[in-house]
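Visitor: My questions will all concern the structure given below.
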Amino acid sequence: MKLLARTTVYFLIYASVVAGAGTFVYYGFIRKIYYAYVDRTLSRRKLRVDKALRLHLRTPADLDFWHRLDHNVEFKALKQPGLRPVFSVRMMYNELTGTVVPYRQLAAPVMFQGRPYRLELRTTMLDSQELLGRIVQAGALLFGALLVGLLVLQHLLARRLWAPFYRTLGELQRYKLDQPEPVHLAPTRIPEFKELNTALGRLLNRNQRIYRRQREFTENAAHELQTPLAILRTKLDILVQAPGLTEEQASHIEPLLDVTQRLTHLSRSLLLLAHLDQQLFFPTETVDLAAAIRTQLGHLREQLAAAGLRLETDLPPALPLAANRSLVDILVSNLLSNAIRHNVPGGEVRVHLNPELLVVENTGRPRALPPDQLFVRFRPGPERPPGSVGLGLAIARQICETYGFLLSYHYEEPGRHQLWVRM
């Protein structure tokens, strides 16, 4: 839910609570005012009745005659004088409407010809339920007008006041760290958005400078490492072929060649990881994944044969994939090399491919590997064979993340380890 929509929901909830509670408060307030008005009217009528009793009425028969003319005025004889006047609500039958309706009644003691009477003055009232219903209807109309007004106001705010924010958001979504020119955020007159654009501009420009320096350092370091490593390997090769080399001297040179080869592989792997981490642009083309797997298996047949491994494949004739060819070759090579390197003598390597999933399975240790450490760079542990730089699966995962693939590890008894690439 967007920020403005969430704010509108809070306003609507508040308005609903206020409208609901306010309806009953409003009803009680109107009811009190209405009763006060009716009671004041009945009190004035009592003054006129008192005046009529003193000036115009002569006998008790006149009281009965008055009641027959006006049913809302009634006199009841008392044995002793009554108490103070009392207002009350009384339900009575109304001859005009033919229903029982509420009446507001004033009962007060009066004296007529020296005898005490109870005077009852009544007037019909509006039905309380009808009054409440009308108040609720009025509240509903007001709430509806408030709701429509809030929605219209939200639409106008989203289109006008929040337009600079959405323009800034669009620029950030299109922004790439490796782009040469700095980001240009749209100008605005709103102080908050102006401060936001200023802070974002400083942050992005600083990150671009840091990124360029890191990229230059990585490329320079990789280049400077490759040159001495190549010289070192060349010199070692010349030394191995030198005449008069003793067996003891050759035993010392052979580990140096292995270390040099490992350092060369490590340097190239770190450079590739740096490029993947920095999300550099890799040209995308249509790659036949099935053909790439067959090619890499052909390159690894000697390793499979040397380890005495059986190979089983389930590959379609072709499977086109939009990716970079070099990265796909590296991904497939790392997965297959990992299956060979971590296998057991006389084991198996199985490769299954369909449009949604690539599975590389190998036999190995009869226990599951820790998934949280499997894709960690330079992971330690007994599962790491000698000569491995510990970056193969880390590079494979980074390539998968570059193209939105999901690389995961699964284990099946007995001792079958699987790497899944969901595409």
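Please note that chains go A, B, ... in the order of the structure tokens, that every chain numbers its residues from 1, and that ligands are numbered from 1 in the order shown.
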So which residues touch region 318-322 of chain A within 9 Å, counting only C-alpha atoms, skipping near sequence neighbours fewer than 4 positions away, as JSON, numbers by chain?
Guide: {"A": [284, 285, 286, 287, 288, 289, 290, 291, 353, 354, 355, 403]}
Visitor: Please write the residues from the selection above to a file, keeping C-alpha atoms, as a short mmCIF file (atom, residue, chain, number, x, y, z; two decimals), in the first residue's frame.
Guide:
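Full text of result-v8.cif as output:
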```cif
data_model
loop_
_atom_site.label_atom_id
_atom_site.label_comp_id
_atom_site.auth_asym_id
_atom_site.auth_seq_id
_atom_site.Cartn_x
_atom_site.Cartn_y
_atom_site.Cartn_z
CA THR A 284 23.22 -10.68 -23.71
CA GLU A 285 22.67 -13.09 -26.58
CA THR A 286 20.73 -16.26 -27.28
CA VAL A 287 22.73 -19.19 -25.89
CA ASP A 288 21.91 -22.87 -26.38
CA LEU A 289 22.22 -24.15 -22.81
CA ALA A 290 22.05 -27.82 -23.86
CA ALA A 291 24.87 -27.33 -26.36
CA LEU A 353 17.94 -30.31 -18.03
CA ASN A 354 14.45 -29.06 -18.87
CA PRO A 355 13.10 -25.57 -19.68
CA TYR A 403 20.12 -13.34 -14.42
#
```
Visitor: From the options A:Asn338, A:Asn343, A:Gln154, A:Gln173, which residue's atoms come nearest to Thr7 (chain A), counting only C-alpha atoms?
Guide: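 Under the stated criterion, the closest residue is A:Gln154.
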Visitor: Counting only C-alpha atoms, what is within 12 Å of Ser337 (chain A), bar same-chain residues fewer than 2 positions away, as a VMD selection string?
Guide: chain A and resid 293 296 to 297 299 to 304 307 329 to 335 339 to 343 349 360 to 362 385 388 391 to 393 396
Visitor: Could you turn the residues from that selection into a file that holds C-alpha atoms, as an mmCIF file, in the first residue's frame?
Guide:
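File produced: result.cif:
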```
data_model
loop_
_atom_site.group_PDB
_atom_site.id
_atom_site.type_symbol
_atom_site.label_atom_id
_atom_site.label_comp_id
_atom_site.auth_asym_id
_atom_site.auth_seq_id
_atom_site.Cartn_x
_atom_site.Cartn_y
_atom_site.Cartn_z
ATOM 1 C CA ILE A 293 26.549 -28.408 -21.331
ATOM 2 C CA GLN A 296 31.764 -28.493 -21.229
ATOM 3 C CA LEU A 297 31.255 -32.238 -20.719
ATOM 4 C CA HIS A 299 36.198 -30.667 -22.095
ATOM 5 C CA LEU A 300 35.895 -32.620 -18.851
ATOM 6 C CA ARG A 301 35.878 -36.157 -20.280
ATOM 7 C CA GLU A 302 39.521 -36.725 -19.346
ATOM 8 C CA GLN A 303 38.827 -35.729 -15.734
ATOM 9 C CA LEU A 304 35.784 -38.016 -15.659
ATOM 10 C CA ALA A 307 38.396 -40.381 -11.656
ATOM 11 C CA ASP A 329 30.041 -21.469 -19.916
ATOM 12 C CA ILE A 330 31.570 -20.487 -16.554
ATOM 13 C CA LEU A 331 28.383 -21.434 -14.699
ATOM 14 C CA VAL A 332 28.114 -24.859 -16.348
ATOM 15 C CA SER A 333 31.847 -25.521 -16.011
ATOM 16 C CA ASN A 334 31.863 -24.673 -12.295
ATOM 17 C CA LEU A 335 28.844 -26.881 -11.555
ATOM 18 C CA ALA A 339 30.448 -32.543 -9.198
ATOM 19 C CA ILE A 340 33.701 -34.199 -10.369
ATOM 20 C CA ARG A 341 35.925 -32.730 -7.651
ATOM 21 C CA HIS A 342 33.624 -33.706 -4.775
ATOM 22 C CA ASN A 343 32.819 -37.196 -6.071
ATOM 23 C CA VAL A 349 27.648 -37.688 -12.323
ATOM 24 C CA VAL A 360 23.730 -31.542 -11.565
ATOM 25 C CA GLU A 361 23.982 -34.556 -9.248
ATOM 26 C CA ASN A 362 27.036 -36.400 -7.953
ATOM 27 C CA PRO A 385 39.596 -30.616 -1.810
ATOM 28 C CA SER A 388 40.567 -25.704 -4.943
ATOM 29 C CA LEU A 391 35.253 -19.721 -5.432
ATOM 30 C CA GLY A 392 33.537 -21.989 -7.964
ATOM 31 C CA LEU A 393 30.095 -22.162 -6.348
ATOM 32 C CA ALA A 396 28.013 -19.798 -9.921
#
```
Visitor: Can you check which residues of region 164-313 of chain A DSSP gives as alpha helix (DSSP H) on the backbone and send them as a count of residues only?
Guide: 110
Visitor: Hey, what's within 12 Å of Asn205 (chain A) if we count only C-alpha atoms and toss same-chain stuff fewer than 2 positions away? As a PyMOL selection string, please?
Guide: chain A and resi 175-184+197-203+207-212
Visitor: Using only C-alpha atoms, which protein or nucleic acid residues come within 8 Å of His352 (chain A)? Drop anything in the same chain fewer than 5 positions from it, and give the result as a list of chain:residue names.
Guide: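 With the cut-off at 8 Å, the set is A:Thr313, A:Asp314, A:Leu315, A:Leu357, A:Leu358, A:Val359, A:Val360.
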Visitor: Write the residues of the preceding selection, restricted to C-alpha atoms, as a PDB file, in the first residue's frame.
Guide:
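Listed below is the output, selection.pdb:
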```pdb
ATOM      1  CA  THR A 313      22.763 -37.117 -19.102  1.00  0.00           C
ATOM      2  CA  ASP A 314      19.164 -36.202 -19.838  1.00  0.00           C
ATOM      3  CA  LEU A 315      19.391 -33.209 -22.161  1.00  0.00           C
ATOM      4  CA  LEU A 357      15.406 -26.630 -14.154  1.00  0.00           C
ATOM      5  CA  LEU A 358      19.034 -27.708 -14.452  1.00  0.00           C
ATOM      6  CA  VAL A 359      20.121 -30.449 -12.013  1.00  0.00           C
ATOM      7  CA  VAL A 360      23.730 -31.542 -11.565  1.00  0.00           C
TER       8      VAL A 360
END
```
Visitor: Which value, in Å to one decimal, gives the distance between CA of Arg416 (chain A) and CA of Pro317 (chain A)?
Guide: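 Computing it gives 26.2 Å between the two atoms.
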Visitor: I need the residue nearest Arg31 (chain A) from this list: A:Leu204, A:Pro243, A:Leu169, A:Met125. Use only C-alpha atoms for the distance.
Guide: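 When distances to Arg31 (chain A) are compared using only C-alpha atoms, the smallest one comes from A:Met125.
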Visitor: Enumerate the residues of region 3-134 of chain A with a DSSP assignment of strand (DSSP E or B), computed from the backbone, and present them as a ChimeraX atom specification.
Guide: /A:73-77,86-94,99-112,115-124
